[in-house]
$ cat query-v3.txt   # compact mmCIF, N, CA and C atoms
# COMPACT_ATOMS: atom_id res chain seq x y z
N MET A 1241 -21.17 -2.36 22.62
CA MET A 1241 -21.73 -3.29 21.68
C MET A 1241 -21.68 -2.68 20.29
N VAL A 1242 -21.33 -3.51 19.31
CA VAL A 1242 -21.19 -3.06 17.93
C VAL A 1242 -22.12 -3.88 17.06
N VAL A 1243 -22.80 -3.25 16.15
CA VAL A 1243 -23.62 -3.97 15.17
C VAL A 1243 -22.89 -3.87 13.84
N VAL A 1244 -22.57 -5.03 13.27
CA VAL A 1244 -21.85 -5.08 12.01
C VAL A 1244 -22.86 -5.16 10.88
N PRO A 1245 -22.86 -4.20 9.94
CA PRO A 1245 -23.81 -4.25 8.84
C PRO A 1245 -23.53 -5.42 7.90
N GLU A 1246 -24.56 -5.85 7.21
CA GLU A 1246 -24.47 -7.00 6.31
C GLU A 1246 -23.37 -6.80 5.27
N SER A 1247 -23.20 -5.60 4.78
CA SER A 1247 -22.21 -5.35 3.73
C SER A 1247 -20.78 -5.60 4.19
N GLN A 1248 -20.54 -5.62 5.49
CA GLN A 1248 -19.20 -5.82 6.02
C GLN A 1248 -18.99 -7.21 6.60
N MET A 1249 -19.97 -8.07 6.45
CA MET A 1249 -19.88 -9.42 7.03
C MET A 1249 -19.42 -10.42 5.99
N ARG A 1250 -18.62 -11.37 6.41
CA ARG A 1250 -18.22 -12.46 5.52
C ARG A 1250 -19.37 -13.42 5.33
N ASN A 1251 -20.07 -13.72 6.40
CA ASN A 1251 -21.21 -14.62 6.33
C ASN A 1251 -22.45 -13.79 6.07
N ARG A 1252 -22.92 -13.83 4.87
CA ARG A 1252 -24.05 -12.98 4.49
C ARG A 1252 -25.40 -13.62 4.82
N ALA A 1253 -25.38 -14.78 5.47
CA ALA A 1253 -26.64 -15.43 5.83
C ALA A 1253 -27.38 -14.63 6.89
N ALA A 1254 -26.65 -14.02 7.78
CA ALA A 1254 -27.27 -13.21 8.83
C ALA A 1254 -27.30 -11.75 8.39
N LYS A 1255 -28.28 -11.03 8.84
CA LYS A 1255 -28.39 -9.62 8.47
C LYS A 1255 -27.44 -8.75 9.27
N SER A 1256 -27.25 -9.06 10.53
CA SER A 1256 -26.29 -8.34 11.35
C SER A 1256 -25.97 -9.19 12.57
N VAL A 1257 -24.89 -8.85 13.21
CA VAL A 1257 -24.49 -9.60 14.40
C VAL A 1257 -24.02 -8.58 15.43
N MET A 1258 -24.38 -8.85 16.68
CA MET A 1258 -23.92 -7.96 17.75
C MET A 1258 -22.66 -8.56 18.35
N VAL A 1259 -21.65 -7.75 18.47
CA VAL A 1259 -20.37 -8.20 19.01
C VAL A 1259 -19.91 -7.18 20.04
N GLY A 1260 -19.34 -7.66 21.10
CA GLY A 1260 -18.77 -6.79 22.12
C GLY A 1260 -17.38 -7.26 22.47
N LEU A 1261 -16.72 -6.53 23.30
CA LEU A 1261 -15.39 -6.90 23.77
C LEU A 1261 -15.40 -7.01 25.28
N SER A 1262 -14.72 -8.03 25.77
CA SER A 1262 -14.61 -8.24 27.20
C SER A 1262 -13.15 -8.10 27.58
N LEU A 1263 -12.87 -7.40 28.66
CA LEU A 1263 -11.51 -7.22 29.13
C LEU A 1263 -11.24 -8.23 30.23
N THR A 1264 -10.19 -9.05 30.04
CA THR A 1264 -9.86 -10.06 31.03
C THR A 1264 -9.00 -9.44 32.13
N ALA A 1265 -8.77 -10.21 33.17
CA ALA A 1265 -8.00 -9.72 34.31
C ALA A 1265 -6.56 -9.35 33.92
N ASP A 1266 -6.03 -10.05 32.90
CA ASP A 1266 -4.66 -9.75 32.50
C ASP A 1266 -4.59 -8.67 31.41
N GLY A 1267 -5.71 -8.00 31.14
CA GLY A 1267 -5.72 -6.87 30.22
C GLY A 1267 -5.92 -7.21 28.76
N LYS A 1268 -6.26 -8.47 28.44
CA LYS A 1268 -6.50 -8.86 27.05
C LYS A 1268 -7.96 -8.66 26.69
N LEU A 1269 -8.21 -8.32 25.44
CA LEU A 1269 -9.57 -8.17 24.95
C LEU A 1269 -10.02 -9.44 24.26
N PHE A 1270 -11.23 -9.90 24.59
CA PHE A 1270 -11.82 -11.05 23.93
C PHE A 1270 -13.15 -10.63 23.34
N PRO A 1271 -13.40 -10.99 22.06
CA PRO A 1271 -14.71 -10.68 21.47
C PRO A 1271 -15.77 -11.66 21.98
N TYR A 1272 -16.99 -11.20 22.06
CA TYR A 1272 -18.09 -12.10 22.34
C TYR A 1272 -19.25 -11.67 21.47
N GLY A 1273 -20.12 -12.62 21.17
CA GLY A 1273 -21.24 -12.33 20.28
C GLY A 1273 -22.55 -12.77 20.88
N CYS A 1274 -23.62 -12.42 20.20
CA CYS A 1274 -24.95 -12.72 20.72
C CYS A 1274 -25.23 -14.22 20.68
N GLY A 1275 -24.45 -14.99 19.93
CA GLY A 1275 -24.68 -16.42 19.84
C GLY A 1275 -24.01 -17.22 20.92
N THR A 1276 -23.21 -16.61 21.75
CA THR A 1276 -22.51 -17.36 22.79
C THR A 1276 -23.36 -17.40 24.06
N SER A 1277 -23.16 -18.43 24.83
CA SER A 1277 -23.92 -18.59 26.07
C SER A 1277 -23.54 -17.51 27.07
N TYR A 1278 -24.50 -16.78 27.53
CA TYR A 1278 -24.32 -15.77 28.57
C TYR A 1278 -23.24 -14.76 28.21
N ASN A 1279 -23.02 -14.55 26.93
CA ASN A 1279 -22.01 -13.61 26.45
C ASN A 1279 -20.64 -13.85 27.06
N THR A 1280 -20.26 -15.12 27.16
CA THR A 1280 -18.94 -15.45 27.66
C THR A 1280 -17.91 -15.20 26.58
N PRO A 1281 -16.70 -14.84 26.95
CA PRO A 1281 -15.67 -14.58 25.95
C PRO A 1281 -15.37 -15.81 25.11
N MET A 1282 -15.11 -15.61 23.82
CA MET A 1282 -14.72 -16.70 22.94
C MET A 1282 -13.23 -16.94 23.14
N PRO A 1283 -12.83 -18.18 23.29
CA PRO A 1283 -11.40 -18.44 23.46
C PRO A 1283 -10.66 -18.16 22.15
N PRO A 1284 -9.41 -17.76 22.23
CA PRO A 1284 -8.65 -17.54 21.01
C PRO A 1284 -8.50 -18.85 20.25
N ARG A 1285 -8.62 -18.80 18.94
CA ARG A 1285 -8.51 -20.00 18.11
C ARG A 1285 -7.04 -20.26 17.77
N SER A 1286 -6.63 -21.48 17.95
CA SER A 1286 -5.26 -21.85 17.64
C SER A 1286 -5.06 -21.78 16.13
N LEU A 1287 -4.00 -21.14 15.73
CA LEU A 1287 -3.68 -21.04 14.31
C LEU A 1287 -2.62 -22.04 13.91
N GLU A 1288 -2.21 -22.86 14.86
CA GLU A 1288 -1.19 -23.85 14.57
C GLU A 1288 -1.71 -24.85 13.56
N ILE A 1289 -0.89 -25.15 12.58
CA ILE A 1289 -1.26 -26.12 11.56
C ILE A 1289 -0.65 -27.45 11.95
N GLY A 1290 -1.48 -28.47 12.00
CA GLY A 1290 -1.04 -29.78 12.46
C GLY A 1290 -0.27 -30.56 11.41
N PRO A 1291 0.11 -31.78 11.75
CA PRO A 1291 0.94 -32.58 10.84
C PRO A 1291 0.24 -32.92 9.52
N ALA A 1292 -1.06 -33.17 9.55
CA ALA A 1292 -1.77 -33.46 8.30
C ALA A 1292 -1.83 -32.22 7.42
N GLY A 1293 -2.02 -31.05 8.01
CA GLY A 1293 -2.02 -29.81 7.24
C GLY A 1293 -0.68 -29.52 6.62
N ARG A 1294 0.39 -29.79 7.37
CA ARG A 1294 1.73 -29.59 6.84
C ARG A 1294 2.02 -30.56 5.69
N ALA A 1295 1.57 -31.80 5.84
CA ALA A 1295 1.77 -32.80 4.78
C ALA A 1295 0.99 -32.41 3.52
N ALA A 1296 -0.23 -31.92 3.69
CA ALA A 1296 -1.03 -31.49 2.54
C ALA A 1296 -0.37 -30.29 1.85
N ALA A 1297 0.17 -29.37 2.61
CA ALA A 1297 0.85 -28.20 2.04
C ALA A 1297 2.05 -28.64 1.20
N ARG A 1298 2.82 -29.60 1.72
CA ARG A 1298 3.97 -30.11 0.95
C ARG A 1298 3.51 -30.80 -0.32
N ALA A 1299 2.41 -31.57 -0.23
CA ALA A 1299 1.88 -32.27 -1.40
C ALA A 1299 1.37 -31.30 -2.45
N ILE A 1300 0.73 -30.21 -2.03
CA ILE A 1300 0.26 -29.20 -2.97
C ILE A 1300 1.44 -28.61 -3.72
N GLU A 1301 2.47 -28.20 -2.97
CA GLU A 1301 3.63 -27.60 -3.62
C GLU A 1301 4.34 -28.60 -4.53
N ARG A 1302 4.52 -29.81 -4.06
CA ARG A 1302 5.21 -30.84 -4.86
C ARG A 1302 4.45 -31.11 -6.17
N THR A 1303 3.13 -31.22 -6.09
CA THR A 1303 2.32 -31.50 -7.27
C THR A 1303 2.31 -30.30 -8.21
N ARG A 1304 2.22 -29.10 -7.65
CA ARG A 1304 2.23 -27.88 -8.47
C ARG A 1304 3.52 -27.79 -9.27
N VAL A 1305 4.65 -28.01 -8.61
CA VAL A 1305 5.95 -27.93 -9.27
C VAL A 1305 6.08 -29.03 -10.33
N ALA A 1306 5.60 -30.24 -10.01
CA ALA A 1306 5.66 -31.35 -10.96
C ALA A 1306 4.84 -31.06 -12.22
N ARG A 1307 3.73 -30.31 -12.06
CA ARG A 1307 2.88 -29.96 -13.21
C ARG A 1307 3.43 -28.74 -13.97
N GLY A 1308 4.42 -28.09 -13.39
CA GLY A 1308 5.03 -26.94 -14.06
C GLY A 1308 4.27 -25.63 -13.90
N TYR A 1309 3.43 -25.54 -12.85
CA TYR A 1309 2.66 -24.32 -12.61
C TYR A 1309 3.38 -23.42 -11.61
N SER A 1310 3.35 -22.12 -11.86
CA SER A 1310 3.78 -21.17 -10.84
C SER A 1310 2.62 -21.00 -9.86
N GLN A 1311 2.88 -20.36 -8.74
CA GLN A 1311 1.80 -20.10 -7.79
C GLN A 1311 0.73 -19.22 -8.43
N ARG A 1312 1.14 -18.25 -9.22
CA ARG A 1312 0.17 -17.37 -9.91
C ARG A 1312 -0.69 -18.17 -10.88
N GLN A 1313 -0.07 -19.08 -11.63
CA GLN A 1313 -0.83 -19.88 -12.59
C GLN A 1313 -1.83 -20.79 -11.89
N LEU A 1314 -1.39 -21.44 -10.82
CA LEU A 1314 -2.30 -22.33 -10.10
C LEU A 1314 -3.43 -21.54 -9.46
N ALA A 1315 -3.12 -20.39 -8.87
CA ALA A 1315 -4.17 -19.57 -8.27
C ALA A 1315 -5.18 -19.13 -9.32
N ALA A 1316 -4.71 -18.80 -10.52
CA ALA A 1316 -5.62 -18.41 -11.61
C ALA A 1316 -6.49 -19.58 -12.03
N ARG A 1317 -5.95 -20.79 -12.06
CA ARG A 1317 -6.74 -21.98 -12.40
C ARG A 1317 -7.81 -22.25 -11.34
N VAL A 1318 -7.43 -22.08 -10.07
CA VAL A 1318 -8.40 -22.27 -8.98
C VAL A 1318 -9.52 -21.23 -9.10
N LEU A 1319 -9.15 -19.99 -9.37
CA LEU A 1319 -10.12 -18.91 -9.55
C LEU A 1319 -11.05 -19.20 -10.72
N ALA A 1320 -10.51 -19.74 -11.81
CA ALA A 1320 -11.32 -20.07 -12.98
C ALA A 1320 -12.35 -21.16 -12.67
N LEU A 1321 -12.06 -21.97 -11.65
CA LEU A 1321 -13.00 -23.01 -11.22
C LEU A 1321 -14.08 -22.46 -10.28
N GLY A 1322 -13.95 -21.17 -9.93
CA GLY A 1322 -14.98 -20.54 -9.10
C GLY A 1322 -14.63 -20.41 -7.63
N ARG A 1323 -13.43 -20.80 -7.24
CA ARG A 1323 -13.02 -20.66 -5.84
C ARG A 1323 -12.08 -19.47 -5.73
N PRO A 1324 -12.41 -18.44 -4.96
CA PRO A 1324 -11.51 -17.30 -4.82
C PRO A 1324 -10.16 -17.74 -4.24
N MET A 1325 -9.08 -17.38 -4.95
CA MET A 1325 -7.75 -17.76 -4.49
C MET A 1325 -6.76 -16.80 -5.13
N THR A 1326 -5.94 -16.17 -4.31
CA THR A 1326 -4.87 -15.34 -4.82
C THR A 1326 -3.57 -16.14 -4.72
N PHE A 1327 -2.56 -15.70 -5.47
CA PHE A 1327 -1.29 -16.41 -5.37
C PHE A 1327 -0.69 -16.23 -3.99
N THR A 1328 -1.00 -15.11 -3.32
CA THR A 1328 -0.52 -14.89 -1.97
C THR A 1328 -1.13 -15.92 -1.02
N ALA A 1329 -2.43 -16.17 -1.16
CA ALA A 1329 -3.08 -17.18 -0.32
C ALA A 1329 -2.48 -18.56 -0.57
N LEU A 1330 -2.22 -18.87 -1.84
CA LEU A 1330 -1.62 -20.16 -2.16
C LEU A 1330 -0.21 -20.26 -1.57
N SER A 1331 0.55 -19.19 -1.67
CA SER A 1331 1.89 -19.17 -1.08
C SER A 1331 1.82 -19.40 0.42
N ARG A 1332 0.87 -18.77 1.07
CA ARG A 1332 0.73 -18.94 2.53
C ARG A 1332 0.31 -20.35 2.89
N ILE A 1333 -0.53 -20.97 2.06
CA ILE A 1333 -0.91 -22.36 2.30
C ILE A 1333 0.33 -23.25 2.19
N GLU A 1334 1.09 -23.07 1.12
CA GLU A 1334 2.28 -23.90 0.91
C GLU A 1334 3.34 -23.70 1.99
N ARG A 1335 3.43 -22.49 2.53
CA ARG A 1335 4.41 -22.20 3.58
C ARG A 1335 3.85 -22.51 4.97
N THR A 1336 2.67 -23.05 5.05
CA THR A 1336 1.94 -23.38 6.28
C THR A 1336 1.78 -22.17 7.19
N VAL A 1337 1.53 -21.03 6.58
CA VAL A 1337 1.20 -19.81 7.32
C VAL A 1337 -0.32 -19.68 7.38
N ARG A 1338 -1.01 -20.25 6.40
CA ARG A 1338 -2.47 -20.18 6.30
C ARG A 1338 -3.01 -21.61 6.22
N ARG A 1339 -4.11 -21.83 6.92
CA ARG A 1339 -4.77 -23.12 6.85
C ARG A 1339 -5.40 -23.32 5.48
N CYS A 1340 -5.40 -24.55 5.02
CA CYS A 1340 -6.07 -24.91 3.78
C CYS A 1340 -7.36 -25.62 4.15
N ASP A 1341 -8.49 -24.93 3.97
CA ASP A 1341 -9.75 -25.59 4.34
C ASP A 1341 -10.14 -26.59 3.25
N ILE A 1342 -11.14 -27.38 3.51
CA ILE A 1342 -11.50 -28.48 2.62
C ILE A 1342 -11.94 -27.97 1.25
N ASP A 1343 -12.62 -26.83 1.20
CA ASP A 1343 -13.04 -26.27 -0.09
C ASP A 1343 -11.83 -25.83 -0.91
N ASP A 1344 -10.84 -25.23 -0.24
CA ASP A 1344 -9.60 -24.87 -0.93
C ASP A 1344 -8.91 -26.12 -1.46
N LEU A 1345 -8.82 -27.15 -0.63
CA LEU A 1345 -8.13 -28.38 -1.01
C LEU A 1345 -8.77 -29.01 -2.24
N VAL A 1346 -10.09 -29.08 -2.25
CA VAL A 1346 -10.79 -29.69 -3.39
C VAL A 1346 -10.57 -28.87 -4.66
N ALA A 1347 -10.66 -27.55 -4.56
CA ALA A 1347 -10.45 -26.69 -5.73
C ALA A 1347 -9.01 -26.75 -6.22
N ILE A 1348 -8.05 -26.76 -5.31
CA ILE A 1348 -6.64 -26.85 -5.70
C ILE A 1348 -6.39 -28.19 -6.38
N ALA A 1349 -6.93 -29.26 -5.83
CA ALA A 1349 -6.76 -30.58 -6.44
C ALA A 1349 -7.34 -30.60 -7.85
N ALA A 1350 -8.53 -30.04 -8.02
CA ALA A 1350 -9.15 -30.00 -9.35
C ALA A 1350 -8.29 -29.20 -10.32
N ALA A 1351 -7.77 -28.07 -9.87
CA ALA A 1351 -6.92 -27.23 -10.73
C ALA A 1351 -5.61 -27.94 -11.08
N LEU A 1352 -5.16 -28.83 -10.21
CA LEU A 1352 -3.94 -29.59 -10.47
C LEU A 1352 -4.23 -30.86 -11.28
N GLY A 1353 -5.51 -31.18 -11.46
CA GLY A 1353 -5.88 -32.39 -12.20
C GLY A 1353 -5.60 -33.66 -11.43
N THR A 1354 -5.78 -33.60 -10.13
CA THR A 1354 -5.52 -34.76 -9.28
C THR A 1354 -6.66 -34.90 -8.28
N PRO A 1355 -6.98 -36.10 -7.83
CA PRO A 1355 -8.02 -36.24 -6.82
C PRO A 1355 -7.57 -35.65 -5.49
N PRO A 1356 -8.50 -35.09 -4.72
CA PRO A 1356 -8.12 -34.48 -3.44
C PRO A 1356 -7.39 -35.45 -2.50
N GLN A 1357 -7.78 -36.71 -2.53
CA GLN A 1357 -7.14 -37.67 -1.62
C GLN A 1357 -5.66 -37.87 -1.95
N ALA A 1358 -5.26 -37.56 -3.18
CA ALA A 1358 -3.85 -37.66 -3.53
C ALA A 1358 -3.02 -36.62 -2.77
N LEU A 1359 -3.64 -35.49 -2.45
CA LEU A 1359 -2.94 -34.45 -1.69
C LEU A 1359 -2.93 -34.78 -0.19
N LEU A 1360 -3.71 -35.77 0.19
CA LEU A 1360 -3.76 -36.20 1.59
C LEU A 1360 -3.05 -37.54 1.80
N ALA A 1361 -2.48 -38.10 0.75
CA ALA A 1361 -1.92 -39.45 0.81
C ALA A 1361 -0.65 -39.52 1.65
N ASP A 1362 0.05 -38.42 1.80
CA ASP A 1362 1.32 -38.40 2.53
C ASP A 1362 1.06 -38.17 4.02
N TRP A 1363 0.34 -39.11 4.65
CA TRP A 1363 -0.01 -38.96 6.06
C TRP A 1363 1.22 -39.06 6.93
N PRO A 1364 1.33 -38.20 7.91
CA PRO A 1364 2.43 -38.30 8.87
C PRO A 1364 2.35 -39.62 9.64
N THR A 1365 3.48 -40.23 9.87
CA THR A 1365 3.49 -41.55 10.54
C THR A 1365 2.91 -41.48 11.95
N GLU A 1366 3.05 -40.33 12.64
CA GLU A 1366 2.52 -40.26 14.01
C GLU A 1366 0.99 -40.33 14.01
N LEU A 1367 0.35 -39.84 12.93
CA LEU A 1367 -1.10 -39.94 12.85
C LEU A 1367 -1.54 -41.36 12.53
N LEU A 1368 -0.80 -42.02 11.66
CA LEU A 1368 -1.14 -43.41 11.31
C LEU A 1368 -1.01 -44.31 12.53
N SER A 1369 0.06 -44.17 13.30
CA SER A 1369 0.26 -45.02 14.45
C SER A 1369 -0.79 -44.72 15.53
N ALA A 1370 -1.20 -43.45 15.66
CA ALA A 1370 -2.23 -43.09 16.63
C ALA A 1370 -3.57 -43.70 16.24
N GLY A 1371 -3.86 -43.74 14.94
CA GLY A 1371 -5.11 -44.34 14.47
C GLY A 1371 -5.15 -45.83 14.67
N GLU A 1372 -4.04 -46.50 14.48
CA GLU A 1372 -3.97 -47.93 14.70
C GLU A 1372 -4.11 -48.26 16.18
N ALA A 1373 -3.57 -47.42 17.04
CA ALA A 1373 -3.65 -47.66 18.48
C ALA A 1373 -5.08 -47.48 18.96
N ALA A 1374 -5.86 -46.65 18.28
CA ALA A 1374 -7.23 -46.38 18.72
C ALA A 1374 -8.18 -47.50 18.34
N THR A 1375 -7.79 -48.36 17.38
CA THR A 1375 -8.70 -49.44 16.96
C THR A 1375 -8.48 -50.70 17.69
$ encode --input "query-v3.txt" --output "structure tokens"
Amino acid sequence: MVVVPESQMRNRAAKSVMVGLSLTADGKLFPYGCGTSYNTPMPPRSLEIGPAGRAAARAIERTRVARGYSQRQLAARVLALGRPMTFTALSRIERTVRRCDIDDLVAIAAALGTPPQALLADWPTELLSAGEAAT
């Protein structure tokens, strides 16, 4: 069991968290924490970016280029708005290597001078048809 000090935690709301590692039958290590039921292993989180995320990444890049900003310039504008963003993070978002969370999306949209929904307007057709089928 490991206790992570507050200074090393991303979420500073908690003072510390207890984390352990569990070895599965196939030899993989899974972390578990004090917040999980019966200290069961946490499943690995999928890092795959879905069709809406890919469409948003394309829209971010398309809008950035149309405004004449480099990735460094846009990242600096996002940072000036108070959202931590490096040009490397922006590059990874545009290349769909990194997920763009909602806070990133809103800050990027503001830095681009466009409403956030404009970056979500290019919905993949498979999502639209799935939504229509559900209604």
$ closest_residue --input "query-v3.txt" --among "A:Ala1299, A:Gly1290, A:Arg1323, A:Asp1266" --to "Leu1360 in chain A" --atoms "all atoms listed in the file"
A:Ala1299
$ atom_distance --input "query-v3.txt" --atom1 "CA of Ala1351 in chain A" --atom2 "CA of Val1318 in chain A"
5.5 Å
$ residues_around --input "query-v3.txt" --residues "range 1336-1340 of chain A" --least-positions-apart "2" --cutoff "7 Å" --atoms "only C-alpha atoms" --output "count of residues only"
9
$ atom_distance --input "query-v3.txt" --atom1 "CA of Glu1288 in chain A" --atom2 "CA of Tyr1309 in chain A"
27.5 Å
$ closest_residue --input "query-v3.txt" --among "A:Pro1356, A:Ala1347, A:Ala1292, A:Arg1304" --to "Gly1322 in chain A" --atoms "only C-alpha atoms"
A:Ala1347
$ closest_residue --input "query-v3.txt" --among "A:Leu1352, A:Val1346, A:Leu1321, A:Ala1329" --to "Arg1307 in chain A" --atoms "only N, CA and C atoms"
A:Leu1352
$ atom_distance --input "query-v3.txt" --atom1 "CA of Arg1317 in chain A" --atom2 "atom N of Pro1291 in chain A"
26.9 Å
$ residues_around --input "query-v3.txt" --residues "Leu1314 in chain A" --least-positions-apart "6" --cutoff "8 Å" --atoms "all atoms listed in the file" --output "MDAnalysis selection string"
chainID A and resid 1304 1308 1320 1325:1327 1330 1348 1351:1352
